[in-house]
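Participant: Before we start, here is the structure in question, set down as structure tokens.
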Amino acid sequence: MNLSEEILFMSLPENLKCIPNVYKEMFKGFDLLRDDIEFDLSTENVYDQPLFCNPNVLFDGKTVIWYDFINAGIVQVKDICYEVIEGFLPEMAIVEMIQNVTNHCDINSIVKRYNTLKVVLPKEWTEIIHKNIHRRNVSRSININVIFKDKLSEFSMCSTKELYLLLTSKLCQHPICYKKWTEVFEIEENDLCKVWKNVNFYWKPSILMDLDFKIAHYCIFTNSKLMTMKLINYNVCDVCEKEVENITHLFLLCSELVEFHLFMQQKLSVLFDNVDSDKIDNLVYEEVFMFGLFGSIKGVNVSFVNFMLSVARYCIFRRRNLLKNLNSNVDLIRLFKYTVKHYITYLYEYLCDAKCMRNVFEKHFLKNNILVQETEGVITFNF
């Protein structure tokens with residue numbers, strides 16, 4: 001088919017080999033956006049519409065492609081219409097066009113398919129064809145509008161970012177963890193989507209990032225999951241040895257965590273002390289402990305709070321694994337204090353001394369932070 005910009009109206013088949021892969025990817029992406037795209041069709045645009053591989057021309061719910069029509073040059077609506085008057089060409093005119101390029105053809109099949117083609121054309125196209133002549137010499141353009149965030153915008157006015165977000169929304173599926181966590185906590189899915197910024201905090205050690213990623217995805221291999229997978233024959237918590245170990249029990253509800261959570265709540269209250277913000281009053285400790293703080297709160301070093309909570313979750317998980325695999329217990333609060341001091345001391349030396357990035361360290365770990373302070377070049381911890 002000899003087409004130019006009219007190819008935008010088409011949904012190209014997967015096995016098409018006559019165009020480079022880069023254009024295939026572009027048209028495939030455009031095709032994914034088709035449900036959010038509206039064409040402002042003029043009379044000339046209707047006459048220029050492709051007859052084949054066009055999602056608006058469907059037979060039995062599928063696009064059609066007839067090679068004998070294509071070989072005869074019948075590829076667009078204008079090819080089956082009169083040039084100087086309104087309306088469709090007669091059946092025998094189509095037959096003659098195909099006979100000119102094909103020696104042996106089934107006339108009845110051609111007539112039947114031609115009549116079918118006229119029937120499956122959209123009603124509004126047919127009305128235009130019967131009322132308006134195709135003016136071949138009139139300049140034409142394809143006006144494309146995009147529906148983005150329930151608003152109609154001109155395609156040419158959309159930014160690359162907007163089109164990219166629209167495309168990824170078609171290609172990507174929300175992870176099932178959103179549904180899982182909304183069943184556990186009274187938290188909106190829109191808020192849960194913000195958790196990935198906390199998970200991927202740049203200055204967080206990879207071992208903390210890895211655990212937070214698994215927690216956010218609701219994919220910690222707890223004993224209840226391991227038993228379901230038939231890898232172990234029990235689902236009781238290895239720490240308290242009383243209740244079934246699921247993800248909320250592991251990090252929040254275990255009776256052996258009561259003292260540790262009281263300790264953590266005390267440290268958070270110190271960091272939130274004298275902060276005048278409605279956001280603090282609406283915080284739920286269990287949600288904050290599992291996901292961290294979202295956004296910013298005036299007077300609170302959100303980066304440090306999220307870093308501290310990430311260390312806390314890691315220490316709980318590490319203590320549990322030590323008991324499970326080595327039957328060795330540790331003091332959880334002591335482990336937490338040591339781990340926080342270890343990582344922050346390392347970051348202080350790396351950012352302030354090695355990389356001359358003191359402003360970064362102060363912003364994320366010292367500002368509005370009574371628990372970690374710097375005195376005469378020495379980091380002090382008020383735990």
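In the structure tokens, each chain is lettered A, B, ... as it comes, each chain's residues begin at 1, and ligands are numbered from 1 in order of appearance.
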Would you list the contacts of segment 246-263 of chain A as a list in words, taking every protein, DNA or RNA residue within 8 Å and counting only C-alpha atoms, but skipping same-chain residues closer than 4 positions in sequence?

Facilitator: Tyr218, Ile220, Thr222, Asn223, Ser224, Lys225, Cys237, Val239, Cys240, Lys267, Glu286, Met290, Arg313, Ile316, Phe317, Leu332 and Ile333 of chain A

Participant: Skipping near chain neighbours, those fewer than 3 positions away, what residues fall within 10 Å of Asp273 of chain A using only C-alpha atoms, listed as a list in words?

Facilitator: Lys267, Leu268, Ser269, Val270, Asp276, Ile280, Gly299, Val300 and Ile370 of chain A

Participant: Just write the chosen residues, N, CA, C and O atoms, as a JSON list (two decimals), in the first residue's frame.

Facilitator:
[["chain", "number", "residue", "atom", "x", "y", "z"],
["A", 267, "LYS", "N", 11.43, 7.66, 69.98],
["A", 267, "LYS", "CA", 12.36, 8.40, 69.14],
["A", 267, "LYS", "C", 11.61, 9.25, 68.11],
["A", 267, "LYS", "O", 12.01, 10.38, 67.81],
["A", 268, "LEU", "N", 10.53, 8.72, 67.57],
["A", 268, "LEU", "CA", 9.74, 9.51, 66.62],
["A", 268, "LEU", "C", 9.08, 10.70, 67.30],
["A", 268, "LEU", "O", 9.02, 11.79, 66.74],
["A", 269, "SER", "N", 8.60, 10.51, 68.53],
["A", 269, "SER", "CA", 7.98, 11.62, 69.25],
["A", 269, "SER", "C", 8.98, 12.73, 69.51],
["A", 269, "SER", "O", 8.65, 13.92, 69.50],
["A", 270, "VAL", "N", 10.24, 12.35, 69.74],
["A", 270, "VAL", "CA", 11.29, 13.35, 69.95],
["A", 270, "VAL", "C", 11.51, 14.14, 68.65],
["A", 270, "VAL", "O", 11.64, 15.37, 68.66],
["A", 276, "ASP", "N", 4.45, 21.93, 64.48],
["A", 276, "ASP", "CA", 3.06, 22.37, 64.35],
["A", 276, "ASP", "C", 2.56, 22.02, 62.95],
["A", 276, "ASP", "O", 2.70, 22.79, 62.00],
["A", 280, "ILE", "N", 1.10, 15.52, 61.32],
["A", 280, "ILE", "CA", 1.57, 14.69, 62.43],
["A", 280, "ILE", "C", 0.39, 14.03, 63.14],
["A", 280, "ILE", "O", 0.45, 12.85, 63.51],
["A", 299, "GLY", "N", 9.63, 21.28, 59.56],
["A", 299, "GLY", "CA", 10.24, 21.05, 60.86],
["A", 299, "GLY", "C", 10.68, 19.63, 61.12],
["A", 299, "GLY", "O", 11.20, 19.32, 62.19],
["A", 300, "VAL", "N", 10.44, 18.72, 60.15],
["A", 300, "VAL", "CA", 10.81, 17.31, 60.32],
["A", 300, "VAL", "C", 11.79, 16.92, 59.22],
["A", 300, "VAL", "O", 11.55, 17.22, 58.05],
["A", 370, "ILE", "N", 17.43, 16.10, 66.31],
["A", 370, "ILE", "CA", 18.01, 16.15, 67.65],
["A", 370, "ILE", "C", 18.72, 14.85, 68.01],
["A", 370, "ILE", "O", 19.50, 14.80, 68.96]]

Participant: Run DSSP on the backbone and tell me which residues of segment 64-250 of chain A come out as strand (DSSP E); list them as a ChimeraX atom specification.

Facilitator: /A:143-148,151-154

Participant: Please, what distance in Å, to one decimal, runs between atom CA of Leu326 of chain A and atom CA of Asn233 of chain A?

Facilitator: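 Taking atom CA of Leu326 of chain A and atom CA of Asn233 of chain A, their separation equals 18.1 Å.
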
Participant: Quick one: of A:Leu293, A:Leu335, A:Cys172, A:Val75, who's nearest to Tyr314 of chain A, counting only C-alpha atoms?

Facilitator: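 The shortest atom-to-atom distance to Tyr314 of chain A comes from A:Leu335.
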
Participant: Which residues come within 9 Å of segment 18-32 of chain A, counting only C-alpha atoms, excluding same-chain residues fewer than 3 positions away, as a PDB file with N, CA, C and O atoms, in the first residue's frame?

Facilitator:
ATOM      1  N   ILE A   7      -1.047   6.475   7.281  1.00  0.00           N
ATOM      2  CA  ILE A   7      -0.703   5.270   8.036  1.00  0.00           C
ATOM      3  C   ILE A   7      -1.055   5.424   9.512  1.00  0.00           C
ATOM      4  O   ILE A   7      -1.217   4.449  10.244  1.00  0.00           O
ATOM      5  N   LEU A   8      -1.205   6.688   9.974  1.00  0.00           N
ATOM      6  CA  LEU A   8      -1.587   6.926  11.363  1.00  0.00           C
ATOM      7  C   LEU A   8      -2.973   6.382  11.679  1.00  0.00           C
ATOM      8  O   LEU A   8      -3.284   6.092  12.835  1.00  0.00           O
ATOM      9  N   MET A  10      -4.029   3.550  10.733  1.00  0.00           N
ATOM     10  CA  MET A  10      -3.979   2.098  10.650  1.00  0.00           C
ATOM     11  C   MET A  10      -3.458   1.469  11.933  1.00  0.00           C
ATOM     12  O   MET A  10      -2.762   2.083  12.725  1.00  0.00           O
ATOM     13  N   SER A  11      -3.823   0.206  12.095  1.00  0.00           N
ATOM     14  CA  SER A  11      -3.249  -0.636  13.138  1.00  0.00           C
ATOM     15  C   SER A  11      -2.447  -1.716  12.429  1.00  0.00           C
ATOM     16  O   SER A  11      -3.005  -2.671  11.892  1.00  0.00           O
ATOM     17  N   LEU A  12      -1.128  -1.530  12.395  1.00  0.00           N
ATOM     18  CA  LEU A  12      -0.291  -2.387  11.554  1.00  0.00           C
ATOM     19  C   LEU A  12      -0.181  -3.800  12.116  1.00  0.00           C
ATOM     20  O   LEU A  12      -0.082  -3.992  13.328  1.00  0.00           O
ATOM     21  N   GLU A  14       1.458  -7.423  13.191  1.00  0.00           N
ATOM     22  CA  GLU A  14       2.720  -7.721  13.860  1.00  0.00           C
ATOM     23  C   GLU A  14       3.782  -8.248  12.898  1.00  0.00           C
ATOM     24  O   GLU A  14       4.971  -7.991  13.072  1.00  0.00           O
ATOM     25  N   ASP A  35      -6.951   4.404  22.046  1.00  0.00           N
ATOM     26  CA  ASP A  35      -8.187   4.605  22.806  1.00  0.00           C
ATOM     27  C   ASP A  35      -8.272   6.006  23.402  1.00  0.00           C
ATOM     28  O   ASP A  35      -9.366   6.478  23.744  1.00  0.00           O
ATOM     29  N   ASP A  36      -7.137   6.659  23.554  1.00  0.00           N
ATOM     30  CA  ASP A  36      -7.101   8.004  24.129  1.00  0.00           C
ATOM     31  C   ASP A  36      -6.849   9.068  23.066  1.00  0.00           C
ATOM     32  O   ASP A  36      -6.486  10.198  23.395  1.00  0.00           O
ATOM     33  N   LEU A 167       1.646   6.348  27.658  1.00  0.00           N
ATOM     34  CA  LEU A 167       2.037   5.066  27.068  1.00  0.00           C
ATOM     35  C   LEU A 167       2.354   4.041  28.150  1.00  0.00           C
ATOM     36  O   LEU A 167       1.918   2.891  28.076  1.00  0.00           O
ATOM     37  N   LYS A 170      -0.497   2.332  29.722  1.00  0.00           N
ATOM     38  CA  LYS A 170      -1.090   1.268  28.915  1.00  0.00           C
ATOM     39  C   LYS A 170      -0.266  -0.019  29.000  1.00  0.00           C
ATOM     40  O   LYS A 170      -0.811  -1.124  28.934  1.00  0.00           O
ATOM     41  N   LEU A 171       1.040   0.137  29.125  1.00  0.00           N
ATOM     42  CA  LEU A 171       1.936  -1.029  29.095  1.00  0.00           C
ATOM     43  C   LEU A 171       2.108  -1.668  30.460  1.00  0.00           C
ATOM     44  O   LEU A 171       2.332  -2.878  30.563  1.00  0.00           O
TER      45      LEU A 171
END

Participant: From the options A:Gln173, A:Gln266, A:Asn301, A:Asn137, which residue's atoms come nearest to His364 of chain A, counting only C-alpha atoms?

Facilitator: A:Asn301

Participant: Within 10 Å of segment 177-186 of chain A, which residues of segment 200-274 of chain A show up? Give each one with its shortest atom-to-atom distance in Å (one decimal) and the two atoms involved, counting only C-alpha atoms, rows by chain then rising residue number, as CSV.

Facilitator:
residue,atom,partner,partner_atom,distance
A:Lys214,CA,A:Cys177,CA,9.9
A:Ile215,CA,A:Cys177,CA,9.1
A:Ala216,CA,A:Cys177,CA,7.0
A:His217,CA,A:Cys177,CA,5.0
A:Tyr218,CA,A:Cys177,CA,5.5
A:Cys219,CA,A:Cys177,CA,8.3
A:Thr248,CA,A:Val184,CA,8.3

Participant: In Å, how far is it from atom CA of Asn200 of chain A to atom CA of Ser303 of chain A?

Facilitator: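 For atom CA of Asn200 of chain A relative to atom CA of Ser303 of chain A, the distance reads 11.5 Å.
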
Participant: For each of A:Val101, A:Val311, A:Ile129, A:Val84, take the minimum atom-to-atom distance to Asn71 of chain A, counting only C-alpha atoms, then give the residue where this is smallest.

Facilitator: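 Of A:Val101, A:Val311, A:Ile129, A:Val84, the one nearest Asn71 of chain A, counting only C-alpha atoms, is A:Val101.
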
Participant: Given the choices A:Ile107, A:Phe9, A:Val46, A:Val64, which gets closest to Asp79 of chain A if the distance is worked out from only C-alpha atoms?

Facilitator: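 That would be A:Val46, the residue with the smallest distance to Asp79 of chain A.
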
Participant: Name the closest residue to Leu347 of chain A among the candidates A:Phe272, A:Trp66, A:Tyr234, A:Tyr202; distances are taken between atoms, counting only C-alpha atoms.

Facilitator: A:Tyr202

Participant: Can you work out which one of A:Cys81, A:Leu41, A:Leu117, A:Leu163 has the shortest atom-to-atom distance to Asn143 of chain A, counting only C-alpha atoms?

Facilitator: A:Leu41

Participant: As an exercise, work out the distance from atom CA of Phe307 of chain A to atom CA of Pro175 of chain A in Å and give it to one decimal place.

Facilitator: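 So the two atoms, atom CA of Phe307 of chain A and atom CA of Pro175 of chain A, lie 23.9 Å apart.
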